[in-house]
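Source file: data06.txt (compact mmCIF, C-alpha atoms and all ligand atoms)
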# COMPACT_ATOMS: atom_id res chain seq x y z
CA MET A 1 108.24 78.56 86.41
CA VAL A 2 108.01 81.92 84.66
CA TYR A 3 104.59 82.54 83.10
CA LEU A 4 104.65 85.00 80.22
CA LYS A 5 101.41 86.98 79.87
CA THR A 6 99.57 87.79 76.66
CA ASP A 7 98.59 91.39 75.93
CA GLU A 8 95.01 90.51 76.95
CA GLU A 9 96.19 89.07 80.26
CA ILE A 10 98.28 92.16 80.89
CA GLU A 11 95.17 94.33 80.46
CA LEU A 12 93.34 92.17 83.03
CA MET A 13 96.31 92.56 85.36
CA ARG A 14 96.20 96.33 84.84
CA GLU A 15 92.62 96.28 86.17
CA SER A 16 93.67 94.29 89.24
CA ASN A 17 96.57 96.62 89.89
CA LEU A 18 94.56 99.80 89.34
CA LEU A 19 92.11 98.55 91.97
CA VAL A 20 95.08 98.28 94.34
CA GLY A 21 96.12 101.84 93.44
CA LYS A 22 92.62 103.15 94.13
CA THR A 23 92.47 101.23 97.41
CA LEU A 24 95.77 102.84 98.46
CA ALA A 25 94.22 106.24 97.68
CA GLU A 26 91.31 105.48 100.04
CA LEU A 27 93.95 104.78 102.68
CA ALA A 28 95.83 107.99 101.84
CA ARG A 29 92.64 109.85 102.85
CA ALA A 30 92.49 107.98 106.16
CA VAL A 31 96.11 107.94 107.35
CA LYS A 32 96.49 110.47 110.16
CA PRO A 33 97.52 110.53 113.82
CA GLY A 34 95.04 108.50 115.89
CA VAL A 35 93.88 106.07 113.22
CA SER A 36 94.81 102.43 113.74
CA THR A 37 96.20 100.10 111.12
CA LEU A 38 93.25 97.79 111.81
CA GLU A 39 90.90 100.64 110.82
CA LEU A 40 92.91 101.06 107.61
CA ASP A 41 92.57 97.33 107.01
CA LYS A 42 88.76 97.50 107.27
CA ILE A 43 88.63 100.44 104.84
CA ALA A 44 90.72 98.47 102.35
CA GLU A 45 88.75 95.24 102.67
CA THR A 46 85.42 97.04 102.21
CA TYR A 47 86.68 99.03 99.22
CA ILE A 48 88.13 95.96 97.48
CA ARG A 49 84.96 93.89 97.99
CA ASP A 50 82.75 96.81 96.88
CA HIS A 51 84.73 96.80 93.61
CA LYS A 52 84.30 93.07 92.96
CA GLY A 53 87.79 92.14 94.11
CA VAL A 54 88.95 89.74 96.79
CA PRO A 55 91.66 90.76 99.26
CA GLY A 56 94.80 89.08 97.94
CA PHE A 57 96.72 88.69 101.18
CA LEU A 58 93.85 87.60 103.46
CA ASN A 59 94.49 83.96 104.44
CA TYR A 60 97.56 83.79 102.17
CA GLN A 61 99.72 81.24 103.99
CA GLY A 62 97.61 82.07 107.02
CA PHE A 63 98.05 85.86 106.93
CA PRO A 64 95.13 87.25 108.98
CA ASN A 65 94.33 90.54 107.21
CA THR A 66 93.81 92.42 103.96
CA LEU A 67 96.82 94.73 104.33
CA CYS A 68 100.37 94.40 105.50
CA THR A 69 100.98 97.52 107.59
CA SER A 70 104.56 98.08 108.70
CA VAL A 71 105.24 101.04 111.00
CA ASN A 72 108.62 102.80 111.41
CA GLU A 73 111.29 100.12 111.99
CA GLN A 74 109.00 97.45 110.62
CA VAL A 75 110.04 96.61 107.06
CA VAL A 76 107.23 94.48 105.64
CA HIS A 77 104.51 91.97 106.57
CA GLY A 78 103.27 93.86 109.64
CA ILE A 79 99.87 92.71 110.92
CA PRO A 80 97.25 95.46 111.37
CA ASN A 81 96.39 96.18 115.01
CA LYS A 82 94.41 98.58 117.20
CA LYS A 83 97.34 100.81 118.18
CA PRO A 84 96.79 104.38 116.97
CA LEU A 85 99.37 105.77 114.56
CA GLN A 86 101.26 108.74 115.99
CA GLU A 87 102.41 112.06 114.57
CA GLY A 88 105.81 111.52 112.92
CA ASP A 89 105.33 107.79 112.22
CA ILE A 90 105.60 106.27 108.78
CA VAL A 91 103.50 103.32 107.71
CA SER A 92 104.18 101.08 104.74
CA VAL A 93 100.89 99.79 103.39
CA ASP A 94 101.17 96.78 101.11
CA CYS A 95 97.95 95.75 99.38
CA GLY A 96 97.03 92.83 97.15
CA VAL A 97 93.81 92.02 95.33
CA LEU A 98 92.53 89.19 93.19
CA LEU A 99 90.31 90.34 90.32
CA ASN A 100 89.46 88.53 87.07
CA GLY A 101 91.72 85.68 88.14
CA PHE A 102 94.83 87.84 88.41
CA PHE A 103 96.58 89.45 91.35
CA GLY A 104 97.43 93.09 91.83
CA ASP A 105 100.18 93.99 94.32
CA SER A 106 101.50 97.43 95.22
CA ALA A 107 102.80 99.25 98.29
CA TYR A 108 103.22 102.86 99.41
CA THR A 109 104.80 104.29 102.55
CA PHE A 110 102.71 107.08 104.06
CA GLU A 111 103.76 109.86 106.41
CA VAL A 112 101.61 110.26 109.52
CA GLY A 113 101.33 113.99 110.12
CA VAL A 114 104.71 115.68 109.89
CA VAL A 115 107.79 113.43 109.81
CA LYS A 116 111.44 114.32 110.34
CA PRO A 117 113.27 115.62 107.24
CA GLU A 118 115.67 112.65 107.17
CA ILE A 119 112.73 110.24 107.12
CA LYS A 120 111.01 112.21 104.36
CA ALA A 121 114.26 112.01 102.38
CA LEU A 122 114.38 108.23 102.89
CA LEU A 123 110.84 107.90 101.51
CA GLU A 124 111.67 110.06 98.49
CA ALA A 125 114.86 108.09 97.78
CA THR A 126 113.09 104.73 98.08
CA LYS A 127 110.36 105.79 95.66
CA ALA A 128 112.93 107.23 93.25
CA ALA A 129 114.94 103.98 93.46
CA LEU A 130 111.81 102.01 92.57
CA TYR A 131 111.46 104.03 89.36
CA LYS A 132 115.19 103.55 88.61
CA GLY A 133 114.60 99.80 88.84
CA ILE A 134 111.47 100.01 86.71
CA GLU A 135 113.40 101.76 83.91
CA MET A 136 115.49 98.60 83.58
CA ALA A 137 112.46 96.30 83.17
CA VAL A 138 112.89 96.01 79.41
CA GLU A 139 113.35 92.92 77.24
CA GLY A 140 116.99 91.91 76.93
CA ASN A 141 118.09 93.41 80.23
CA ARG A 142 118.77 91.07 83.14
CA ILE A 143 117.38 90.82 86.64
CA GLY A 144 120.70 92.04 88.02
CA ASP A 145 120.26 95.30 86.10
CA ILE A 146 117.14 96.07 88.13
CA GLY A 147 118.80 95.24 91.44
CA TYR A 148 121.91 97.20 90.56
CA ALA A 149 119.89 100.30 89.68
CA VAL A 150 118.02 100.22 92.99
CA GLN A 151 121.07 99.43 95.09
CA GLU A 152 123.32 101.99 93.44
CA TYR A 153 120.74 104.77 93.86
CA CYS A 154 120.22 104.00 97.56
CA GLU A 155 123.70 103.14 98.73
CA THR A 156 125.29 106.20 97.14
CA ARG A 157 122.89 108.23 99.29
CA GLY A 158 123.91 106.40 102.47
CA TYR A 159 120.89 104.11 102.80
CA SER A 160 120.99 100.33 103.07
CA VAL A 161 119.11 97.76 101.03
CA VAL A 162 117.28 94.82 102.60
CA ARG A 163 118.48 91.66 100.86
CA GLU A 164 116.52 88.79 102.37
CA MET A 165 113.15 90.05 101.08
CA VAL A 166 112.76 90.49 97.33
CA GLY A 167 110.30 91.29 94.55
CA HIS A 168 108.69 88.56 92.49
CA GLY A 169 106.71 87.55 89.44
CA LEU A 170 102.97 88.22 89.59
CA GLY A 171 100.02 86.66 87.78
CA ARG A 172 97.44 84.02 88.65
CA SER A 173 99.57 83.52 91.77
CA LEU A 174 100.65 86.23 94.16
CA HIS A 175 104.25 85.08 94.02
CA GLU A 176 105.62 83.61 90.81
CA ALA A 177 109.14 83.18 89.53
CA PRO A 178 111.47 84.96 89.12
CA GLU A 179 112.68 86.60 92.33
CA ILE A 180 113.61 90.27 91.87
CA PRO A 181 116.28 91.32 94.40
CA ASN A 182 116.89 94.99 95.14
CA TYR A 183 120.63 94.52 94.84
CA GLY A 184 122.81 92.93 92.20
CA ARG A 185 125.38 93.24 89.47
CA ARG A 186 124.77 94.65 86.02
CA GLY A 187 124.51 92.06 83.27
CA THR A 188 123.87 89.15 85.63
CA GLY A 189 120.82 86.99 86.32
CA SER A 190 118.06 85.77 84.02
CA LYS A 191 117.13 87.73 80.93
CA LEU A 192 113.93 89.72 81.05
CA ARG A 193 111.37 88.89 78.37
CA LYS A 194 108.34 90.69 77.03
CA GLY A 195 105.23 89.43 78.81
CA MET A 196 106.88 88.96 82.18
CA VAL A 197 105.00 90.75 84.95
CA ILE A 198 107.14 91.46 87.99
CA CYS A 199 106.79 93.30 91.27
CA ILE A 200 109.71 95.57 92.06
CA GLU A 201 109.63 96.51 95.73
CA PRO A 202 112.67 98.15 97.33
CA MET A 203 112.82 97.95 101.13
CA ILE A 204 115.34 100.59 102.18
CA ASN A 205 116.65 101.33 105.66
CA LEU A 206 117.94 104.53 107.23
CA GLY A 207 120.39 102.46 109.29
CA LYS A 208 121.93 99.05 108.71
CA ARG A 209 120.45 96.52 106.32
CA GLN A 210 120.01 93.59 108.75
CA ILE A 211 116.47 92.43 109.57
CA LEU A 212 114.77 89.97 111.89
CA MET A 213 111.32 88.44 112.31
CA GLU A 214 109.22 89.48 115.29
CA ASP A 215 107.55 86.96 117.60
CA ASP A 216 104.28 87.08 115.63
CA GLN A 217 106.14 85.10 112.92
CA TRP A 218 105.15 87.63 110.25
CA THR A 219 106.49 91.09 110.95
CA ILE A 220 109.96 91.85 109.61
CA ARG A 221 111.82 94.73 111.28
CA THR A 222 115.31 96.22 111.21
CA VAL A 223 117.70 94.79 113.81
CA ASP A 224 118.98 98.27 114.72
CA LYS A 225 115.40 99.63 114.86
CA SER A 226 116.15 102.26 112.24
CA VAL A 227 113.16 103.20 110.10
CA SER A 228 112.52 101.41 106.83
CA ALA A 229 110.62 102.46 103.71
CA HIS A 230 108.87 100.28 101.11
CA PHE A 231 107.35 101.13 97.74
CA GLU A 232 106.16 98.58 95.20
CA HIS A 233 104.83 98.58 91.65
CA ALA A 234 103.72 95.74 89.41
CA VAL A 235 105.41 96.15 86.04
CA ALA A 236 105.04 94.42 82.67
CA VAL A 237 108.33 93.99 80.85
CA GLY A 238 108.06 95.48 77.37
CA LYS A 239 110.13 95.26 74.20
CA ASN A 240 111.38 98.82 74.44
CA GLN A 241 109.95 100.14 77.67
CA SER A 242 108.47 99.00 80.94
CA ASP A 243 104.73 99.31 81.54
CA ILE A 244 103.72 100.10 85.14
CA LEU A 245 100.42 98.29 85.80
CA SER A 246 99.82 99.62 89.31
CA SER A 247 99.60 103.36 89.95
CA PHE A 248 100.45 105.93 92.60
CA LYS A 249 98.49 108.57 90.67
CA PHE A 250 95.36 108.16 92.82
CA VAL A 251 97.36 108.27 96.07
CA GLU A 252 99.31 111.30 94.98
CA GLU A 253 96.18 113.19 93.95
CA VAL A 254 94.89 112.74 97.51
CA LEU A 255 98.21 113.67 99.11
CA THR A 256 98.56 116.80 96.94
CA LEU A 257 95.11 118.01 97.99
CA GLN A 258 96.04 117.49 101.64
CA SER A 259 99.32 119.41 101.49
MG MG A 301 103.16 93.84 97.95
MG MG A 302 104.98 92.03 96.32
Could you express the structure from this file as structure tokens?
Ligand code: MG
Ligand code: MG
Amino acid sequence: MVYLKTDEEIELMRESNLLVGKTLAELARAVKPGVSTLELDKIAETYIRDHKGVPGFLNYQGFPNTLCTSVNEQVVHGIPNKKPLQEGDIVSVDCGVLLNGFFGDSAYTFEVGVVKPEIKALLEATKAALYKGIEMAVEGNRIGDIGYAVQEYCETRGYSVVREMVGHGLGRSLHEAPEIPNYGRRGTGSKLRKGMVICIEPMINLGKRQILMEDDQWTIRTVDKSVSAHFEHAVAVGKNQSDILSSFKFVEEVLTLQS
């Protein structure tokens, strides 16, 4: 079932998603060598609750934490733990909140200290691919247009696209129809309609595209243990242009000050 949102509902969803963006900025301040992903999780949970939200992932299908934190070869759904992050790592932080009855959902991959140039390039390409996909989130286009844009951008640069994990509709539920793959053919799939709110979330690997689930039954990692990047925005489909409801502005203000 695809639930179209009214303009009023989209404004409520913008609030939920801006809280996610501001939470990610708190984490941007904290990510450095020596910090653990469990410490990041506590920062996020406190910040969300202090701003009248509820962590969106906590207890979702039994997930034990506020954040999904996926380090290096981990793709998504990593469980926060006490292991300190190390110089040169990357960590994908995926954050969800429930506020005013609607979910926010957005993810950013952070560099821990100084990372290798080829990893930095992977992060830049994944984020750029996300925005290529977002440009296609306009009424009348099809879901395959989004996937094609992401896939074409990444594969022409030598990266591979995870296929088993996809984006999704977002609203009063964390995962609504339709699924939004990061690969596809132009002009195929369901038509996008004004009022749809979708999460576009490319998961892009430096090596091969194949993934597996770790023994914890949550964490997804690359089979070849190559590093993987993940960026996600929640986007409202518009008549003539897409409307990004989440924001990296707060994160990038913090990162700019640090550099
Ligand atoms: Mg997410
Ligand atoms: Mg998502």
Please compute the CA of Asn17 (chain A)-CA of His233 (chain A) distance, one decimal, in Å.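 Going from CA of Asn17 (chain A) over to CA of His233 (chain A), I get 8.7 Å.
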Could you please determine the separation between CA of Leu206 (chain A) and CA of Ala125 (chain A) in Å, to one decimal place? 10.6 Å
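Pairwise distance (CA of Lys116 (chain A), CA of Val166 (chain A)) equals 27.2 Å.
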With all atoms listed in the file as the counted atoms, please give the residues lying no more than 7 Å from Gln86 (chain A), apart from itself and same-chain residues fewer than 4 positions off, as a list in words. Pro33, Gly34 and Val112 of chain A
Within 9 Å of ligand MG 301 (chain A), counting all atoms listed in the file, which protein or nucleic acid residues do you find, written as a VMD selection string? chain A and resid 57 68 76 to 77 93 to 96 104 to 107 167 174 199 to 201 231 to 234
If I wrap all listed atoms of region 139-158 of chain A in a box with edges along x, y and z and add 8 Å on each side, what are its centre and edge lengths in Å to one decimal, as AutoDock Vina command-line options?
--center_x 119.3 --center_y 99.5 --center_z 89.7 --size_x 27.9 --size_y 33.4 --size_z 41.5
Write out as a VMD selection string each polymer residue whose atoms come within 10 Å of Lys249 (chain A), counting only C-alpha atoms; drop sequence neighbours fewer than 6 positions from it. chain A and resid 18 21 to 22 25 255
Taking all atoms listed in the file into account, which of A:Lys191, A:Arg142, A:Phe248, A:Tyr108 comes nearest ligand MG 302 (chain A)?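 Once distances to ligand MG 302 (chain A) are computed over all atoms listed in the file, the minimum belongs to A:Tyr108.
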